[in-house]
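Novice: One structure is given below, represented as structure tokens, and several questions about it will come after.
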Amino acid sequence: MVAQAHTATPTKRQYTHREILEIMSGLMLAMLTSMISTSVVGTALPTIVGELGGQDQYSWVASATMLTMTVSTPLWGKLSDLFGRKLLFQTALGLFVAASVVAGMSQDMGQLIAARAVQGLGVGGLSALSQVILGDIVSPRERGRYSGYMGAVFGISTVAGPLLGGFIVDADWLGWRWCFYVVVPFAIVSFLVIQKVLKLPVVKRETSIDIWGATTITASASALMLLLTLGGNEFEWNSVWTYFLTAIALLMLALAVLSERTARDPILPPRLFRNRTFVLTSLASLFVGMAMFGAMIYLPQYLQIVKGLSPTDSGLMTLPMVAALFVSGVISGKIVTKTGRWKLFPVAGLLVVAVGLLLLSRLHVDSSEWLIGFDVAVLGTGLGMSMQMLILAAQNGSEPRDMASTTSGVSFFRSLGGAVGVAAFGAILTNRLKDEMAEMLRAANIALPGGSDVKLGSPDAIQRLPEPIKHIVLESFTRGLETVFMVGVPIALIGFVATIFLKELPLRGSTMAAPPEPKPLGKDDLVLAGLLLELVAQRIERTNGERSALLTAVARMAPPDGRSERERARSVAQDVLRPTSRALIAQAAPPEKDLVTGGISQ
């Protein structure tokens with residue numbers, strides 16, 4: 001007696017709304033932990049740089065995390081195919097916590113940057129796998145409502161992080177090092193919650209790790225980051241080092257393309273780049289990352305240095321942006337779930353992002369706090385409308401087998417944009433700051449002992465500078481940040497153009513609905529199925545080496561073990577098809593009829 005034919009193919013696990021919310025509580029708590037750690041550093045970074053030294057290394061504290069997060073994001077998706085989503089998610093959380101503790105113990109900028117780089121590995125896993133798991137349990141049509149919750153986590157962490165960071169820095173009994181230690185209790189709680197509620201089957205897929213692809217992609221991105229960060233500071237733009245790093249970046253990129261085309265299981269399968277939706281959403285995400293992270297990293301410098309706000313107050317000034325991001329993300333997600341139409345939101349969102357960056361570029365030393373709040377709210381509205389919808393569009397346009405690769409790929413390009421954006425904007429700010437200060441010092445006939453190369457300290461130290469030095473520094477920062485935000489405008493507009501060419505594919509229906517209960521097979525159906533299986537087995541055994549679609553299909557039922565296609569097909573016919581045929585016929589016919597004795601006559 002064997003199972004009926006319709007039970008041979010496993011159906012996808014269905015989840016109720018309650019089960020999805022329980023799983024998401026674990027995902028969101030872990031995401032909250034990692035995002036708070038990222039955003040909590042934003043308001044503390046001016047103080048950290050002032051204490052440890054190195055304004056020229058300011059961008060690397062953020063870029064190191066983004067770079068490792070970028071290159072590791074696709075690897076986490078691939079590893080989860082081998083070892084399971086839950087195990088890898090918890091591994092990423094543990095790695096993130098360990099690196100956070102080391103970052104809090106840093107004694108110089110080099111140690112801090114190294115710890116932040118390791119921290120980025122954990123963040124890459126948490127950000128990628130949370131979206132992959134969400135894609136596993138929720139259909140694209142229903143995913144809009146739950147994507148709003150993920151956007152809410154981003155919003156809450158962006159609010160709580162700067163406020164928490166400001167409070168920690170301002171508290172004399174804590175200090176900036178607790179910006180890293182504070183995530184430890186959050187992480188312990190999130191680990192326990194995930195262990196309890198995240199009940200996913202471990203489905204091991206036949207895959208391998210593309211080490212060469214990961215190495216070449218990392219090398220290419222690292223060379224580009226070094227060029228953008230060190231160019232104009234450690235060496236001239238028109239120098240041997242510039243050409244050398246450019247050549248390394250291009251060479252590693254070419255080798256990465258070659259590796260991905262030849263790898264058995266590439267990090268970014270080349271077939272994804274034949275998918276128009278994936279290409280356009282990745283391109284748009286690249287520019288969203290550049291604009292978003294560039295603005296968020298350097299906005300605290302304007303608020304604390306130019307406006308003279310405390311870290312806590314500068315965190316409060318980001319509240320309008322996060323509130324707008326949260327509201328626009330949740331509302332757009334609900335509209336998409338109700339209507340099934342999604343293209344309007346990333347198109348309009350990136351246009352609004354460009355407007356928000358343009359408004360920020362017009363800020364000056366005397367800008368009111370109300371004006372700053374309005375400008376950052378406009379930016380937040382655009383980000384909330386576009387970020388999650390780009391991932392939704394990419395997942396909806398991908399095949400189920402490419403869900404992890406597609407999600408990780410889009411996240412990869414958004415993180416890459418963020419890493420490049422922070423480095424590029426940092427280079428712009430550093431060079432513009434140096435040039436503006438030198439020009440204004442000459443205009444004021446002021447000669448400093450160290451020349452125009454002023455070593456800037458913490459925001460408090462800058463506020464204590466004597467006039468007119470203080471005015472020159474503040475005005476130079478304002479002009480430098482004006483250029484940073486202005487450069488972000490065309491970047492956002494390029495992303496806007498990419499979303500215009502997206503094709504609005506209908507969202508796939510829910511996978512949560514239970515499949516209709518199949519009708520039991522009658523005796524005639526069982527006999528017919530058994531006879532058909534016997535006929536297939538006979539056809540396979542009569543083949544004499546000629547290839548056929550039937551032979552190939554049957555051979556795929558056996559694992560690849562070095563045997564030829566014909567040998568594997570014959571093995572399946574003998575060990576699977578014929579015994580199943582006899583069992584089905586025996587199930588339908590009384591034993592005394594003995595229909596299966598000797599099989600079917602040849």
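How things are named: the first chain in the structure tokens is A, the next is B, and so on; residues count from 1 in each chain; ligands count from 1 in the order shown.
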Any idea what's packed within 6 Å of A:Ser220, counting only C-alpha atoms, ignoring anything in its chain fewer than 4 positions away? Could you give it as a ChimeraX atom specification?

Specialist: /A:249,252-253

Novice: I need the residue nearest A:Thr483 from this list: A:Leu163, A:Leu429, A:Val279, A:Ala354. Use only C-alpha atoms for the distance.

Specialist: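 Of A:Leu163, A:Leu429, A:Val279, A:Ala354, the one nearest A:Thr483, counting only C-alpha atoms, is A:Leu429.
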
Novice: If you run DSSP on the backbone, which residues of stretch 74-322 of chain A are alpha helix (DSSP H), as a ChimeraX atom specification?

Specialist: /A:74-83,85-104,109-137,140-170,178-181,183-197,211-230,240-262,276-301,311-317,319-322

Novice: For A:Gly349, which of A:Met440, A:Val489, A:Met35, A:Met389 is the closest residue, counting only C-alpha atoms?

Specialist: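 Of A:Met440, A:Val489, A:Met35, A:Met389, the one nearest A:Gly349, counting only C-alpha atoms, is A:Met389.
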
Novice: Nearest to A:Leu350 among A:Ser239, A:Thr277, A:Thr499, A:Gln463, with distances taken over only C-alpha atoms: which residue is it?

Specialist: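 The closest residue to A:Leu350 is A:Thr499.
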
Novice: When you count only C-alpha atoms, which of these residues is closest to A:Ala569: A:Ser72, A:Thr543, A:Thr478, A:Ser34?

Specialist: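 Of all the options, A:Thr543 lies closest to A:Ala569.
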
Novice: Write out as a PyMOL selection string the residues lying within 12 Å of A:Leu250, counting only C-alpha atoms and excluding same-chain residues fewer than 5 positions away.

Specialist: chain A and resi 216-217+219-224+243-245+255-257

Novice: Restrict the selected residues to N, CA, C and O atoms and save them as a short mmCIF file (atom, residue, chain, number, x, y, z; two decimals), in the first residue's frame.

Specialist:
data_model
loop_
_atom_site.label_atom_id
_atom_site.label_comp_id
_atom_site.auth_asym_id
_atom_site.auth_seq_id
_atom_site.Cartn_x
_atom_site.Cartn_y
_atom_site.Cartn_z
N THR A 216 36.28 38.80 -5.47
CA THR A 216 36.46 39.82 -6.50
C THR A 216 35.49 40.99 -6.31
O THR A 216 35.86 42.15 -6.52
N ILE A 217 34.27 40.70 -5.89
CA ILE A 217 33.30 41.78 -5.64
C ILE A 217 33.79 42.65 -4.48
O ILE A 217 33.74 43.89 -4.55
N ALA A 219 36.89 43.03 -3.44
CA ALA A 219 38.09 43.76 -3.85
C ALA A 219 37.74 44.96 -4.71
O ALA A 219 38.32 46.05 -4.56
N SER A 220 36.79 44.80 -5.62
CA SER A 220 36.39 45.90 -6.49
C SER A 220 35.77 47.03 -5.69
O SER A 220 36.12 48.21 -5.87
N ALA A 221 34.83 46.68 -4.80
CA ALA A 221 34.18 47.71 -3.98
C ALA A 221 35.18 48.38 -3.04
O ALA A 221 35.13 49.59 -2.83
N SER A 222 36.12 47.61 -2.48
CA SER A 222 37.11 48.19 -1.56
C SER A 222 38.03 49.17 -2.27
O SER A 222 38.35 50.24 -1.73
N ALA A 223 38.47 48.82 -3.49
CA ALA A 223 39.33 49.72 -4.25
C ALA A 223 38.61 51.03 -4.56
O ALA A 223 39.19 52.12 -4.47
N LEU A 224 37.33 50.93 -4.91
CA LEU A 224 36.54 52.13 -5.20
C LEU A 224 36.40 52.98 -3.95
O LEU A 224 36.51 54.22 -3.99
N TYR A 243 45.07 56.28 -10.59
CA TYR A 243 44.97 55.37 -11.74
C TYR A 243 45.13 53.92 -11.31
O TYR A 243 44.47 53.03 -11.85
N PHE A 244 45.97 53.67 -10.31
CA PHE A 244 46.17 52.30 -9.84
C PHE A 244 44.90 51.74 -9.20
O PHE A 244 44.47 50.62 -9.52
N LEU A 245 44.29 52.51 -8.30
CA LEU A 245 43.07 52.04 -7.64
C LEU A 245 41.92 51.91 -8.62
O LEU A 245 41.09 50.99 -8.51
N LEU A 255 36.73 40.52 -13.41
CA LEU A 255 36.89 39.17 -12.90
C LEU A 255 35.64 38.68 -12.17
O LEU A 255 35.30 37.50 -12.22
N ALA A 256 34.96 39.61 -11.50
CA ALA A 256 33.72 39.24 -10.82
C ALA A 256 32.66 38.82 -11.83
O ALA A 256 31.94 37.83 -11.63
N VAL A 257 32.55 39.56 -12.93
CA VAL A 257 31.59 39.20 -13.98
C VAL A 257 31.92 37.82 -14.54
O VAL A 257 31.04 36.97 -14.73
#

Novice: Separation of atom CA of A:Leu198 and atom CA of A:Gly26, in Å?

Specialist: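 Taking atom CA of A:Leu198 as the start and atom CA of A:Gly26 as the end point, the length is 6.8 Å.
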
Novice: Suppose you want the space between atom CA of A:Leu134 and atom CA of A:Glu504; what is it in Å?

Specialist: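 We find that atom CA of A:Leu134 and atom CA of A:Glu504 lie 21.2 Å from each other.
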